[in-house]
Amino acid sequence: MAASNNPLSAGNSAWTRVANSGDFRKLLASKKAFVLPATIFFVVYYFALPILVGYAPDLMQKKIIGPVNLAYLFALSQFAVVFIITYLYVRAARRFDEASTRILAEAGKITGKEN
């Protein structure tokens, strides 16, 4: 593909203007503001189970409901956490998509192309 047809090429001034626009930078910042903390939270939560089982076995063996101990409940709660994070991301992604659509529409005006 020729460099002039590639929207990501350095010579494409429309892409450069979009990449440098405040709306695009705000979109990237809002995505980062969601994804980074959610990822860190999930990784810490995910690895907390094996760490707690290894370093605090008495705590994790505590019976909660009949034969079900804290470790089993913690493991099951990880499924709930995944669904909650997914739900929150889908909600946030709608806003990201709306912002992307506005940015693309504006880029179409800059280049004179309709999307």
# chains A, B, ... in the order shown; residues from 1 in each chain; ligands from 1
call {"tool": "closest_atom_pairs", "arguments": {"of": "segment 25-59 of chain A", "to": "segment 63-79 of chain A", "cutoff": "9 Å", "atoms": "only C-alpha atoms", "output": "CSV"}}
result
residue,atom,partner,partner_atom,distance
A:Phe42,CA,A:Gln78,CA,8.7
A:Tyr45,CA,A:Gln78,CA,7.7
A:Tyr46,CA,A:Gln78,CA,6.9
A:Leu49,CA,A:Phe74,CA,6.9
A:Leu52,CA,A:Ala71,CA,8.5
A:Val53,CA,A:Ala71,CA,7.2
A:Pro57,CA,A:Ala71,CA,8.9
A:Leu59,CA,A:Leu70,CA,7.4
call {"tool": "residues_around", "arguments": {"residues": "segment 89-102 of chain A", "least_positions_apart": "6", "cutoff": "8 Å", "atoms": "only C-alpha atoms", "output": "VMD selection string"}}
result
chain A and resid 23 to 24 27 31 34
call {"tool": "closest_residue", "arguments": {"among": "A:Tyr87, A:Ile51, A:Ser21, A:Lys62", "to": "Ala38 of chain A", "atoms": "only C-alpha atoms"}}
result
A:Tyr87
call {"tool": "atom_distance", "arguments": {"atom1": "atom CA of Ile84 of chain A", "atom2": "atom CA of Ala48 of chain A"}}
result
17.8 Å
call {"tool": "closest_residue", "arguments": {"among": "A:Leu28, A:Ala19, A:Val35, A:Ala56", "to": "Ile85 of chain A", "atoms": "only C-alpha atoms"}}
result
A:Val35
call {"tool": "atom_distance", "arguments": {"atom1": "atom CA of Tyr55 of chain A", "atom2": "atom CA of Phe41 of chain A"}}
result
20.1 Å
call {"tool": "decode", "arguments": {"residues": "segment 35-49 of chain A", "atoms": "C-alpha atoms", "output": "PDB file, in the first residue's frame"}}
result
ATOM      1  CA  VAL A  35      -8.833   0.352  31.371  1.00  0.00           C
ATOM      2  CA  LEU A  36      -5.744   0.834  33.528  1.00  0.00           C
ATOM      3  CA  PRO A  37      -7.457   0.851  36.957  1.00  0.00           C
ATOM      4  CA  ALA A  38      -9.843  -1.959  35.929  1.00  0.00           C
ATOM      5  CA  THR A  39      -6.930  -4.099  34.762  1.00  0.00           C
ATOM      6  CA  ILE A  40      -4.882  -3.442  37.880  1.00  0.00           C
ATOM      7  CA  PHE A  41      -7.879  -4.188  40.107  1.00  0.00           C
ATOM      8  CA  PHE A  42      -8.635  -7.439  38.301  1.00  0.00           C
ATOM      9  CA  VAL A  43      -5.036  -8.680  38.311  1.00  0.00           C
ATOM     10  CA  VAL A  44      -4.676  -7.935  42.037  1.00  0.00           C
ATOM     11  CA  TYR A  45      -8.049  -9.562  42.778  1.00  0.00           C
ATOM     12  CA  TYR A  46      -7.222 -12.591  40.619  1.00  0.00           C
ATOM     13  CA  PHE A  47      -3.836 -13.233  42.220  1.00  0.00           C
ATOM     14  CA  ALA A  48      -5.140 -12.558  45.734  1.00  0.00           C
ATOM     15  CA  LEU A  49      -6.732 -16.017  45.816  1.00  0.00           C
TER      16      LEU A  49
END
